[in-house]
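Here's structure29.cif, which has mmCIF, C-alpha atoms; chains and numbers go by the auth columns:
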```
data_model
#
loop_
_atom_site.group_PDB
_atom_site.id
_atom_site.type_symbol
_atom_site.label_atom_id
_atom_site.label_comp_id
_atom_site.label_asym_id
_atom_site.label_seq_id
_atom_site.Cartn_x
_atom_site.Cartn_y
_atom_site.Cartn_z
_atom_site.B_iso_or_equiv
_atom_site.auth_seq_id
_atom_site.auth_asym_id
ATOM 1 C CA MET A 1 0.000 0.000 0.000 0.00 201 A
ATOM 2 C CA GLN A 2 1.079 3.562 -0.736 0.00 202 A
ATOM 3 C CA LEU A 3 -0.565 6.538 0.970 0.00 203 A
ATOM 4 C CA SER A 4 -1.857 9.307 -1.282 0.00 204 A
ATOM 5 C CA ASN A 5 -0.789 12.895 -0.695 0.00 205 A
ATOM 6 C CA GLU A 6 -4.381 13.686 0.288 0.00 206 A
ATOM 7 C CA THR A 7 -4.358 10.991 2.979 0.00 207 A
ATOM 8 C CA ILE A 8 -1.021 12.243 4.310 0.00 208 A
ATOM 9 C CA GLU A 9 -2.471 15.763 4.567 0.00 209 A
ATOM 10 C CA VAL A 10 -5.438 14.352 6.496 0.00 210 A
ATOM 11 C CA LEU A 11 -3.054 12.575 8.882 0.00 211 A
ATOM 12 C CA LYS A 12 -1.049 15.768 9.404 0.00 212 A
ATOM 13 C CA ASN A 13 -4.242 17.624 10.197 0.00 213 A
ATOM 14 C CA PHE A 14 -5.506 14.909 12.554 0.00 214 A
ATOM 15 C CA ALA A 15 -2.201 15.114 14.440 0.00 215 A
ATOM 16 C CA ASN A 16 -3.176 18.690 15.339 0.00 216 A
ATOM 17 C CA VAL A 17 -6.444 17.435 16.827 0.00 217 A
ATOM 18 C CA ASN A 18 -4.969 14.498 18.753 0.00 218 A
ATOM 19 C CA PRO A 19 -1.358 13.251 18.792 0.00 219 A
ATOM 20 C CA ASN A 20 -2.450 9.596 18.672 0.00 220 A
ATOM 21 C CA LEU A 21 -4.736 7.789 16.267 0.00 221 A
ATOM 22 C CA VAL A 22 -6.735 4.569 16.186 0.00 222 A
ATOM 23 C CA VAL A 23 -7.145 3.347 12.599 0.00 223 A
ATOM 24 C CA SER A 24 -10.096 1.023 12.038 0.00 224 A
ATOM 25 C CA ALA A 25 -10.392 -1.523 9.241 0.00 225 A
ATOM 26 C CA GLY A 26 -11.859 0.121 6.157 0.00 226 A
ATOM 27 C CA SER A 27 -11.495 3.484 4.440 0.00 227 A
ATOM 28 C CA ASN A 28 -12.584 5.913 7.136 0.00 228 A
ATOM 29 C CA LEU A 29 -10.350 7.747 9.592 0.00 229 A
ATOM 30 C CA LYS A 30 -11.708 9.309 12.784 0.00 230 A
ATOM 31 C CA THR A 31 -10.111 11.235 15.616 0.00 231 A
ATOM 32 C CA ILE A 32 -11.201 13.191 18.676 0.00 232 A
ATOM 33 C CA SER A 33 -9.403 15.717 20.834 0.00 233 A
ATOM 34 C CA GLU A 34 -8.425 14.891 24.402 0.00 234 A
ATOM 35 C CA ALA A 35 -10.954 17.489 25.604 0.00 235 A
ATOM 36 C CA LYS A 36 -13.689 15.811 23.488 0.00 236 A
ATOM 37 C CA ASN A 37 -14.607 19.176 21.943 0.00 237 A
ATOM 38 C CA ILE A 38 -13.372 18.433 18.409 0.00 238 A
ATOM 39 C CA MET A 39 -14.082 15.318 16.367 0.00 239 A
ATOM 40 C CA ALA A 40 -13.096 14.717 12.756 0.00 240 A
ATOM 41 C CA SER A 41 -13.876 12.095 10.129 0.00 241 A
ATOM 42 C CA ALA A 42 -12.446 11.590 6.654 0.00 242 A
ATOM 43 C CA ASP A 43 -13.054 9.009 3.939 0.00 243 A
ATOM 44 C CA ILE A 44 -9.776 8.162 2.235 0.00 244 A
ATOM 45 C CA SER A 45 -8.848 6.363 -0.979 0.00 245 A
ATOM 46 C CA GLU A 46 -6.946 3.581 0.803 0.00 246 A
ATOM 47 C CA THR A 47 -8.551 0.592 2.536 0.00 247 A
ATOM 48 C CA PHE A 48 -6.981 -0.934 5.648 0.00 248 A
ATOM 49 C CA ASP A 49 -7.572 -4.646 6.152 0.00 249 A
ATOM 50 C CA ASN A 50 -7.079 -4.488 9.931 0.00 250 A
ATOM 51 C CA GLY A 51 -7.184 -1.859 12.647 0.00 251 A
ATOM 52 C CA PHE A 52 -4.115 -0.585 14.500 0.00 252 A
ATOM 53 C CA GLY A 53 -3.015 2.175 16.871 0.00 253 A
ATOM 54 C CA ILE A 54 -0.437 4.952 16.466 0.00 254 A
ATOM 55 C CA TYR A 55 0.725 6.564 19.701 0.00 255 A
ATOM 56 C CA ASP A 56 2.551 9.539 18.140 0.00 256 A
ATOM 57 C CA LEU A 57 1.113 10.482 14.758 0.00 257 A
ATOM 58 C CA ASN A 58 3.744 13.158 14.081 0.00 258 A
ATOM 59 C CA GLU A 59 6.477 10.583 14.736 0.00 259 A
ATOM 60 C CA PHE A 60 4.787 8.191 12.316 0.00 260 A
ATOM 61 C CA LEU A 61 4.656 10.919 9.659 0.00 261 A
ATOM 62 C CA SER A 62 8.342 11.665 10.253 0.00 262 A
ATOM 63 C CA ALA A 63 9.089 7.970 9.776 0.00 263 A
ATOM 64 C CA LEU A 64 7.261 8.095 6.440 0.00 264 A
ATOM 65 C CA ASN A 65 9.483 10.997 5.380 0.00 265 A
ATOM 66 C CA LEU A 66 12.617 8.930 6.030 0.00 266 A
ATOM 67 C CA ILE A 67 11.811 6.724 3.041 0.00 267 A
ATOM 68 C CA ASP A 68 11.518 7.986 -0.533 0.00 268 A
ATOM 69 C CA SER A 69 8.311 6.841 -2.268 0.00 269 A
ATOM 70 C CA PRO A 70 7.468 4.476 0.594 0.00 270 A
ATOM 71 C CA THR A 71 5.326 1.368 0.409 0.00 271 A
ATOM 72 C CA LEU A 72 3.554 0.188 3.562 0.00 272 A
ATOM 73 C CA GLU A 73 3.512 -3.493 4.455 0.00 273 A
ATOM 74 C CA PHE A 74 1.414 -4.395 7.508 0.00 274 A
ATOM 75 C CA THR A 75 1.986 -7.164 10.020 0.00 275 A
ATOM 76 C CA ASP A 76 0.043 -7.942 13.175 0.00 276 A
ATOM 77 C CA ASN A 77 1.995 -5.537 15.384 0.00 277 A
ATOM 78 C CA ALA A 78 3.884 -3.200 13.056 0.00 278 A
ATOM 79 C CA VAL A 79 4.051 -1.602 9.646 0.00 279 A
ATOM 80 C CA LYS A 80 7.127 -1.787 7.445 0.00 280 A
ATOM 81 C CA ILE A 81 7.710 1.504 5.656 0.00 281 A
ATOM 82 C CA LYS A 82 10.102 0.664 2.860 0.00 282 A
ATOM 83 C CA ASN A 83 11.429 1.072 -0.648 0.00 283 A
ATOM 84 C CA ASN A 84 13.963 -0.984 -2.593 0.00 284 A
ATOM 85 C CA SER A 85 16.869 -0.036 -0.348 0.00 285 A
ATOM 86 C CA SER A 86 15.592 1.276 3.014 0.00 286 A
ATOM 87 C CA GLN A 87 13.089 0.288 5.657 0.00 287 A
ATOM 88 C CA VAL A 88 11.558 1.560 8.895 0.00 288 A
ATOM 89 C CA GLU A 89 9.684 -0.906 11.080 0.00 289 A
ATOM 90 C CA TYR A 90 7.142 1.121 13.026 0.00 290 A
ATOM 91 C CA ARG A 91 5.495 -0.616 15.973 0.00 291 A
ATOM 92 C CA PHE A 92 1.802 -0.206 16.699 0.00 292 A
ATOM 93 C CA ALA A 93 0.519 1.033 20.056 0.00 293 A
ATOM 94 C CA ASN A 94 -1.965 -0.674 22.346 0.00 294 A
ATOM 95 C CA ILE A 95 -5.334 0.663 21.205 0.00 295 A
ATOM 96 C CA GLU A 96 -6.688 0.517 24.754 0.00 296 A
ATOM 97 C CA ILE A 97 -4.397 3.350 25.906 0.00 297 A
ATOM 98 C CA LEU A 98 -5.273 5.677 23.011 0.00 298 A
ATOM 99 C CA THR A 99 -8.024 8.270 22.755 0.00 299 A
ATOM 100 C CA GLN A 100 -10.590 7.471 20.074 0.00 300 A
ATOM 101 C CA PRO A 101 -14.207 8.420 19.324 0.00 301 A
ATOM 102 C CA ALA A 102 -16.606 6.230 21.270 0.00 302 A
ATOM 103 C CA LYS A 103 -19.387 6.735 18.710 0.00 303 A
ATOM 104 C CA SER A 104 -20.361 8.837 15.721 0.00 304 A
ATOM 105 C CA VAL A 105 -21.880 12.291 16.139 0.00 305 A
ATOM 106 C CA THR A 106 -25.546 12.749 15.308 0.00 306 A
ATOM 107 C CA MET A 107 -26.222 16.424 14.744 0.00 307 A
ATOM 108 C CA PRO A 108 -29.339 17.761 16.485 0.00 308 A
ATOM 109 C CA ASP A 109 -31.692 20.143 14.684 0.00 309 A
ATOM 110 C CA VAL A 110 -29.680 22.796 12.865 0.00 310 A
ATOM 111 C CA ASP A 111 -30.442 26.472 13.543 0.00 311 A
ATOM 112 C CA LEU A 112 -27.925 28.171 11.246 0.00 312 A
ATOM 113 C CA CYS A 113 -26.350 27.138 7.935 0.00 313 A
ATOM 114 C CA LEU A 114 -23.656 29.116 6.193 0.00 314 A
ATOM 115 C CA LYS A 115 -20.636 28.714 3.957 0.00 315 A
ATOM 116 C CA LEU A 116 -17.142 29.762 4.968 0.00 316 A
ATOM 117 C CA SER A 117 -14.584 29.841 2.178 0.00 317 A
ATOM 118 C CA ALA A 118 -10.917 29.018 2.601 0.00 318 A
ATOM 119 C CA ASP A 119 -10.274 32.763 2.326 0.00 319 A
ATOM 120 C CA ASP A 120 -12.856 33.555 5.046 0.00 320 A
ATOM 121 C CA ILE A 121 -11.199 31.103 7.440 0.00 321 A
ATOM 122 C CA SER A 122 -7.737 32.412 6.579 0.00 322 A
ATOM 123 C CA GLN A 123 -8.897 35.979 7.287 0.00 323 A
ATOM 124 C CA ILE A 124 -10.386 34.891 10.628 0.00 324 A
ATOM 125 C CA LYS A 125 -7.133 33.281 11.721 0.00 325 A
ATOM 126 C CA ARG A 126 -5.012 36.194 10.488 0.00 326 A
ATOM 127 C CA ALA A 127 -7.238 38.643 12.350 0.00 327 A
ATOM 128 C CA ALA A 128 -6.948 36.547 15.519 0.00 328 A
ATOM 129 C CA GLY A 129 -3.174 36.621 15.210 0.00 329 A
ATOM 130 C CA ALA A 130 -3.031 40.345 14.478 0.00 330 A
ATOM 131 C CA LEU A 131 -5.401 41.397 17.259 0.00 331 A
ATOM 132 C CA GLY A 132 -4.510 38.699 19.762 0.00 332 A
ATOM 133 C CA HIS A 133 -8.150 37.701 20.281 0.00 333 A
ATOM 134 C CA PRO A 134 -9.270 34.119 21.028 0.00 334 A
ATOM 135 C CA VAL A 135 -12.911 34.003 19.893 0.00 335 A
ATOM 136 C CA LEU A 136 -14.873 33.830 16.648 0.00 336 A
ATOM 137 C CA SER A 137 -18.374 35.203 17.162 0.00 337 A
ATOM 138 C CA LEU A 138 -21.215 34.596 14.693 0.00 338 A
ATOM 139 C CA SER A 139 -24.220 36.834 15.297 0.00 339 A
ATOM 140 C CA VAL A 140 -27.063 38.541 13.438 0.00 340 A
ATOM 141 C CA ILE A 141 -26.658 42.244 12.696 0.00 341 A
ATOM 142 C CA ASP A 142 -29.211 43.992 10.443 0.00 342 A
ATOM 143 C CA ASN A 143 -30.615 40.637 9.272 0.00 343 A
ATOM 144 C CA SER A 144 -27.183 39.401 8.178 0.00 344 A
ATOM 145 C CA VAL A 145 -24.752 37.014 9.836 0.00 345 A
ATOM 146 C CA VAL A 146 -21.529 38.712 10.845 0.00 346 A
ATOM 147 C CA ALA A 147 -18.349 36.862 11.741 0.00 347 A
ATOM 148 C CA LYS A 148 -16.328 38.777 14.316 0.00 348 A
ATOM 149 C CA VAL A 149 -12.942 38.117 15.886 0.00 349 A
ATOM 150 C CA CYS A 150 -13.102 39.504 19.390 0.00 350 A
ATOM 151 C CA ASP A 151 -12.378 39.168 23.097 0.00 351 A
ATOM 152 C CA PRO A 152 -15.762 38.792 24.835 0.00 352 A
ATOM 153 C CA ASN A 153 -14.121 39.714 28.140 0.00 353 A
ATOM 154 C CA ASN A 154 -13.052 43.091 26.780 0.00 354 A
ATOM 155 C CA PRO A 155 -15.911 44.874 24.959 0.00 355 A
ATOM 156 C CA THR A 156 -13.699 47.925 24.290 0.00 356 A
ATOM 157 C CA ALA A 157 -11.028 45.899 22.436 0.00 357 A
ATOM 158 C CA ASN A 158 -10.441 46.269 18.703 0.00 358 A
ATOM 159 C CA THR A 159 -12.370 43.796 16.529 0.00 359 A
ATOM 160 C CA TRP A 160 -12.401 42.467 12.970 0.00 360 A
ATOM 161 C CA SER A 161 -15.681 41.561 11.290 0.00 361 A
ATOM 162 C CA LYS A 162 -17.079 40.367 7.973 0.00 362 A
ATOM 163 C CA THR A 163 -20.605 39.748 6.680 0.00 363 A
ATOM 164 C CA ILE A 164 -21.132 36.087 5.705 0.00 364 A
ATOM 165 C CA PRO A 165 -23.802 34.890 3.226 0.00 365 A
ATOM 166 C CA THR A 166 -26.145 32.334 4.810 0.00 366 A
ATOM 167 C CA ASP A 167 -28.228 29.451 3.538 0.00 367 A
ATOM 168 C CA ARG A 168 -30.771 29.818 6.322 0.00 368 A
ATOM 169 C CA ILE A 169 -31.469 31.767 9.494 0.00 369 A
ATOM 170 C CA ASP A 170 -34.449 30.679 11.565 0.00 370 A
ATOM 171 C CA ASP A 171 -37.088 33.392 12.021 0.00 371 A
ATOM 172 C CA PHE A 172 -36.474 33.558 15.771 0.00 372 A
ATOM 173 C CA ALA A 173 -32.701 33.719 15.380 0.00 373 A
ATOM 174 C CA ALA A 174 -31.086 36.046 17.867 0.00 374 A
ATOM 175 C CA PHE A 175 -27.794 34.511 18.789 0.00 375 A
ATOM 176 C CA ASP A 176 -24.128 34.986 19.451 0.00 376 A
ATOM 177 C CA TYR A 177 -22.447 31.692 18.605 0.00 377 A
ATOM 178 C CA GLN A 178 -18.894 31.666 19.948 0.00 378 A
ATOM 179 C CA PHE A 179 -15.972 29.408 19.016 0.00 379 A
ATOM 180 C CA LEU A 180 -12.444 29.294 20.310 0.00 380 A
ATOM 181 C CA ILE A 181 -10.373 30.016 17.220 0.00 381 A
ATOM 182 C CA SER A 182 -7.769 27.562 18.512 0.00 382 A
ATOM 183 C CA ASN A 183 -10.397 24.825 18.023 0.00 383 A
ATOM 184 C CA LEU A 184 -10.710 25.542 14.292 0.00 384 A
ATOM 185 C CA LYS A 185 -8.092 22.921 13.396 0.00 385 A
ATOM 186 C CA LEU A 186 -9.293 22.640 9.821 0.00 386 A
ATOM 187 C CA LEU A 187 -7.724 21.400 6.621 0.00 387 A
ATOM 188 C CA PRO A 188 -7.526 24.332 4.185 0.00 388 A
ATOM 189 C CA GLY A 189 -10.663 24.498 2.061 0.00 389 A
ATOM 190 C CA ASP A 190 -14.248 25.686 1.772 0.00 390 A
ATOM 191 C CA TYR A 191 -16.723 24.530 4.421 0.00 391 A
ATOM 192 C CA ASP A 192 -20.466 24.118 4.790 0.00 392 A
ATOM 193 C CA VAL A 193 -21.080 25.028 8.424 0.00 393 A
ATOM 194 C CA SER A 194 -24.172 23.888 10.346 0.00 394 A
ATOM 195 C CA ILE A 195 -24.751 25.104 13.906 0.00 395 A
ATOM 196 C CA SER A 196 -27.235 23.879 16.492 0.00 396 A
ATOM 197 C CA ASN A 197 -28.479 25.743 19.531 0.00 397 A
ATOM 198 C CA LYS A 198 -27.345 22.626 21.429 0.00 398 A
ATOM 199 C CA LEU A 199 -23.838 24.160 21.122 0.00 399 A
ATOM 200 C CA ILE A 200 -22.517 21.720 18.542 0.00 400 A
ATOM 201 C CA SER A 201 -21.501 22.467 14.958 0.00 401 A
ATOM 202 C CA SER A 202 -20.557 20.583 11.799 0.00 402 A
ATOM 203 C CA TRP A 203 -17.882 21.870 9.399 0.00 403 A
ATOM 204 C CA LYS A 204 -17.953 19.839 6.191 0.00 404 A
ATOM 205 C CA SER A 205 -15.723 19.936 3.131 0.00 405 A
ATOM 206 C CA PRO A 206 -15.446 17.430 0.261 0.00 406 A
ATOM 207 C CA ILE A 207 -12.544 15.773 2.128 0.00 407 A
ATOM 208 C CA VAL A 208 -13.309 15.875 5.847 0.00 408 A
ATOM 209 C CA GLU A 209 -16.007 16.720 8.379 0.00 409 A
ATOM 210 C CA TYR A 210 -15.405 18.212 11.818 0.00 410 A
ATOM 211 C CA TRP A 211 -17.774 18.487 14.743 0.00 411 A
ATOM 212 C CA ILE A 212 -16.732 21.382 16.964 0.00 412 A
ATOM 213 C CA ALA A 213 -18.291 22.370 20.274 0.00 413 A
ATOM 214 C CA LEU A 214 -19.298 25.982 20.804 0.00 414 A
ATOM 215 C CA GLU A 215 -18.249 27.905 23.877 0.00 415 A
ATOM 216 C CA LYS A 216 -20.697 27.971 26.773 0.00 416 A
ATOM 217 C CA THR A 217 -20.496 31.776 26.624 0.00 417 A
ATOM 218 C CA SER A 218 -22.616 31.582 23.446 0.00 418 A
ATOM 219 C CA THR A 219 -26.056 33.131 23.799 0.00 419 A
ATOM 220 C CA ILE A 220 -29.273 32.123 22.063 0.00 420 A
ATOM 221 C CA GLN A 221 -32.573 33.950 22.422 0.00 421 A
ATOM 222 C CA GLU A 222 -35.582 32.037 21.078 0.00 422 A
#
```
Encoding of this model in structure tokens:
Amino acid sequence: MQLSNETIEVLKNFANVNPNLVVSAGSNLKTISEAKNIMASADISETFDNGFGIYDLNEFLSALNLIDSPTLEFTDNAVKIKNNSSQVEYRFANIEILTQPAKSVTMPDVDLCLKLSADDISQIKRAAGALGHPVLSLSVIDNSVVAKVCDPNNPTANTWSKTIPTDRIDDFAAFDYQFLISNLKLLPGDYDVSISNKLISSWKSPIVEYWIALEKTSTIQE
């Protein structure tokens, strides 16, 4: 087996969510953060015959980089990463000591749908870095959804904002949905975002889907 560049990018991204990974048999990869506030799922082009555990995903990716054009050969307790002249034997971890999703996420009723482009998300993260603010706020202003990078604990602080086109806002919508920007550990790309008043959201691209918890400081008025 050889891993596609797309799968390697997914693995790199998942390493930002959780340093270890449990791979199940099949073609789907899932991970969850230690705090259980971020979960991600991706369907990949490769199919694994058996499940296995990786304790340090970044170390595994570094091992892949040691071999040019590597082929993966799996045994019961390790994977051989090799080409015609070189080989790394990478041992699997005990799955029982690793953090993995206990079950799939079922989204509750959705109260807001919108699209965030790769450029929107890049602007949000750049604004957070420039202003030093931790929170992305999504709220309704003049019947439009506005994304704002802010510090809710400092209402006099400088802010960045942008109006975002929406697929749907419920008639009763009066909300301030808040996310920690540090939780937006997303692969670059465009996302369909669905948010529930139950303080859970789905961020879906053609490659991967994330479920990200909102901050409890979010406010919803029905």
Exercise for the section: Evaluate the PyMOL selection byres ((chain A and resi 253) around 12) and record the selected residues as a count of residues only, following the chain and residue labels used in the document. Expected result: 33
Check which residues of stretch 243-359 of chain A sit at most 8 Å from stretch 402-416 of chain A using only C-alpha atoms, and return one row each with the closest pair of atoms and their distance in Å to one decimal, ordered by chain and rising number, as a Markdown table.
```
| residue | atom | partner | partner_atom | distance |
| --- | --- | --- | --- | --- |
| A:Asp243 | CA | A:Ile407 | CA | 7.0 |
| A:Val305 | CA | A:Trp411 | CA | 7.6 |
| A:Met307 | CA | A:Ser402 | CA | 7.6 |
```
Handout entry: Residues returned when the PyMOL selection byres ((chain A and resi 395) around 9) runs on this file, as a list of chain:residue names
Key =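 When the PyMOL selection byres ((chain A and resi 395) around 9) is applied, the selected residues are A:Met307, A:Asp309, A:Val310, A:Asp311, A:Leu312, A:Cys313, A:Leu314, A:Tyr377, A:Val393, A:Ser394, A:Ser396, A:Asn397, A:Lys398, A:Leu399, A:Ile400, A:Ser401, A:Ser402, A:Trp403, A:Leu414.
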Practice task
Give the answer as one residue: which of A:Glu259, A:Phe274, A:Lys280, A:Lys348 has the shortest atom-to-atom distance to A:Asp320, using all atoms listed in the file?
Solution key: A:Lys348
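For the residues A:Gly226, A:Phe375, A:Ser245, A:Ile324, ranking by smallest atom-to-atom distance to A:Glu206 using all atoms listed in the file places A:Ser245 first.
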Practice task
Name the residues captured by the PyMOL selection byres ((chain A and resi 325) around 12) when it is applied to the shown file; answer as a ChimeraX atom specification.
Solution key: /A:318-324,326-336,347-350,360-361,380-386,388
C-alpha atoms of the current selection, written as a compact mmCIF listing (two decimals), in the frame of the given file:
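Dumped everything to selection38.txt:
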```
# COMPACT_ATOMS: atom_id res chain seq x y z
CA ALA A 318 -10.92 29.02 2.60
CA ASP A 319 -10.27 32.76 2.33
CA ASP A 320 -12.86 33.56 5.05
CA ILE A 321 -11.20 31.10 7.44
CA SER A 322 -7.74 32.41 6.58
CA GLN A 323 -8.90 35.98 7.29
CA ILE A 324 -10.39 34.89 10.63
CA ARG A 326 -5.01 36.19 10.49
CA ALA A 327 -7.24 38.64 12.35
CA ALA A 328 -6.95 36.55 15.52
CA GLY A 329 -3.17 36.62 15.21
CA ALA A 330 -3.03 40.34 14.48
CA LEU A 331 -5.40 41.40 17.26
CA GLY A 332 -4.51 38.70 19.76
CA HIS A 333 -8.15 37.70 20.28
CA PRO A 334 -9.27 34.12 21.03
CA VAL A 335 -12.91 34.00 19.89
CA LEU A 336 -14.87 33.83 16.65
CA ALA A 347 -18.35 36.86 11.74
CA LYS A 348 -16.33 38.78 14.32
CA VAL A 349 -12.94 38.12 15.89
CA CYS A 350 -13.10 39.50 19.39
CA TRP A 360 -12.40 42.47 12.97
CA SER A 361 -15.68 41.56 11.29
CA LEU A 380 -12.44 29.29 20.31
CA ILE A 381 -10.37 30.02 17.22
CA SER A 382 -7.77 27.56 18.51
CA ASN A 383 -10.40 24.82 18.02
CA LEU A 384 -10.71 25.54 14.29
CA LYS A 385 -8.09 22.92 13.40
CA LEU A 386 -9.29 22.64 9.82
CA PRO A 388 -7.53 24.33 4.18
```
Exercise for the section: Report the distance between atom CA of A:Thr417 and atom CA of A:Asn213 in Å, rounded to one decimal place. Expected result: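 So the answer is 27.1 Å.
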Problem - Atom-to-atom span, atom CA of A:Thr359 and atom CA of A:Val217, Å - result: 27.0 Å
Handout entry: Pick from A:Asn265, A:Thr247, A:Ser339, A:Ser286, whichever lies nearest to A:Gln421 using all atoms listed in the file
Key =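 Using all atoms listed in the file, A:Gln421 sits closest to A:Ser339.
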Problem - Interatomic distance (Å, one decimal) between atom CA of A:Leu316 and atom CA of A:Gly389 - result: 8.8 Å
What would stretch 335-350 of chain A look like with N, CA, C and O atoms restored, written as a JSON list (two decimals), in the coordinates of the input?
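Dumped everything to part.json:
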```json
[["chain", "number", "residue", "atom", "x", "y", "z"],
["A", 335, "VAL", "N", -11.54, 34.47, 20.15],
["A", 335, "VAL", "CA", -12.91, 34.00, 19.89],
["A", 335, "VAL", "C", -13.41, 34.45, 18.53],
["A", 335, "VAL", "O", -13.21, 35.60, 18.12],
["A", 336, "LEU", "N", -14.07, 33.51, 17.83],
["A", 336, "LEU", "CA", -14.87, 33.83, 16.65],
["A", 336, "LEU", "C", -16.32, 33.88, 17.08],
["A", 336, "LEU", "O", -16.86, 32.91, 17.62],
["A", 337, "SER", "N", -16.96, 35.01, 16.84],
["A", 337, "SER", "CA", -18.37, 35.20, 17.16],
["A", 337, "SER", "C", -19.16, 35.26, 15.86],
["A", 337, "SER", "O", -18.78, 35.96, 14.92],
["A", 338, "LEU", "N", -20.27, 34.52, 15.81],
["A", 338, "LEU", "CA", -21.22, 34.60, 14.69],
["A", 338, "LEU", "C", -22.53, 35.09, 15.25],
["A", 338, "LEU", "O", -23.14, 34.44, 16.10],
["A", 339, "SER", "N", -22.98, 36.25, 14.78],
["A", 339, "SER", "CA", -24.22, 36.83, 15.30],
["A", 339, "SER", "C", -24.96, 37.53, 14.16],
["A", 339, "SER", "O", -24.43, 37.73, 13.06],
["A", 340, "VAL", "N", -26.23, 37.86, 14.43],
["A", 340, "VAL", "CA", -27.06, 38.54, 13.44],
["A", 340, "VAL", "C", -27.02, 40.05, 13.68],
["A", 340, "VAL", "O", -27.30, 40.51, 14.79],
["A", 341, "ILE", "N", -26.64, 40.79, 12.65],
["A", 341, "ILE", "CA", -26.66, 42.24, 12.70],
["A", 341, "ILE", "C", -27.35, 42.73, 11.43],
["A", 341, "ILE", "O", -26.93, 42.40, 10.31],
["A", 342, "ASP", "N", -28.45, 43.48, 11.58],
["A", 342, "ASP", "CA", -29.21, 43.99, 10.44],
["A", 342, "ASP", "C", -29.60, 42.87, 9.48],
["A", 342, "ASP", "O", -29.43, 42.97, 8.25],
["A", 343, "ASN", "N", -30.12, 41.77, 10.05],
["A", 343, "ASN", "CA", -30.62, 40.64, 9.27],
["A", 343, "ASN", "C", -29.53, 39.92, 8.46],
["A", 343, "ASN", "O", -29.84, 39.20, 7.50],
["A", 344, "SER", "N", -28.29, 40.11, 8.81],
["A", 344, "SER", "CA", -27.18, 39.40, 8.18],
["A", 344, "SER", "C", -26.32, 38.74, 9.25],
["A", 344, "SER", "O", -26.24, 39.25, 10.38],
["A", 345, "VAL", "N", -25.68, 37.65, 8.90],
["A", 345, "VAL", "CA", -24.75, 37.01, 9.84],
["A", 345, "VAL", "C", -23.39, 37.67, 9.69],
["A", 345, "VAL", "O", -22.87, 37.84, 8.58],
["A", 346, "VAL", "N", -22.84, 38.05, 10.82],
["A", 346, "VAL", "CA", -21.53, 38.71, 10.84],
["A", 346, "VAL", "C", -20.56, 37.85, 11.65],
["A", 346, "VAL", "O", -20.86, 37.45, 12.78],
["A", 347, "ALA", "N", -19.43, 37.54, 11.04],
["A", 347, "ALA", "CA", -18.35, 36.86, 11.74],
["A", 347, "ALA", "C", -17.44, 37.93, 12.35],
["A", 347, "ALA", "O", -17.03, 38.87, 11.65],
["A", 348, "LYS", "N", -17.15, 37.78, 13.62],
["A", 348, "LYS", "CA", -16.33, 38.78, 14.32],
["A", 348, "LYS", "C", -15.26, 38.09, 15.14],
["A", 348, "LYS", "O", -15.53, 37.12, 15.85],
["A", 349, "VAL", "N", -14.04, 38.57, 15.03],
["A", 349, "VAL", "CA", -12.94, 38.12, 15.89],
["A", 349, "VAL", "C", -12.84, 39.11, 17.03],
["A", 349, "VAL", "O", -12.65, 40.31, 16.81],
["A", 350, "CYS", "N", -12.97, 38.60, 18.26],
["A", 350, "CYS", "CA", -13.10, 39.50, 19.39],
["A", 350, "CYS", "C", -12.60, 38.86, 20.68],
["A", 350, "CYS", "O", -12.24, 37.68, 20.70]]
```
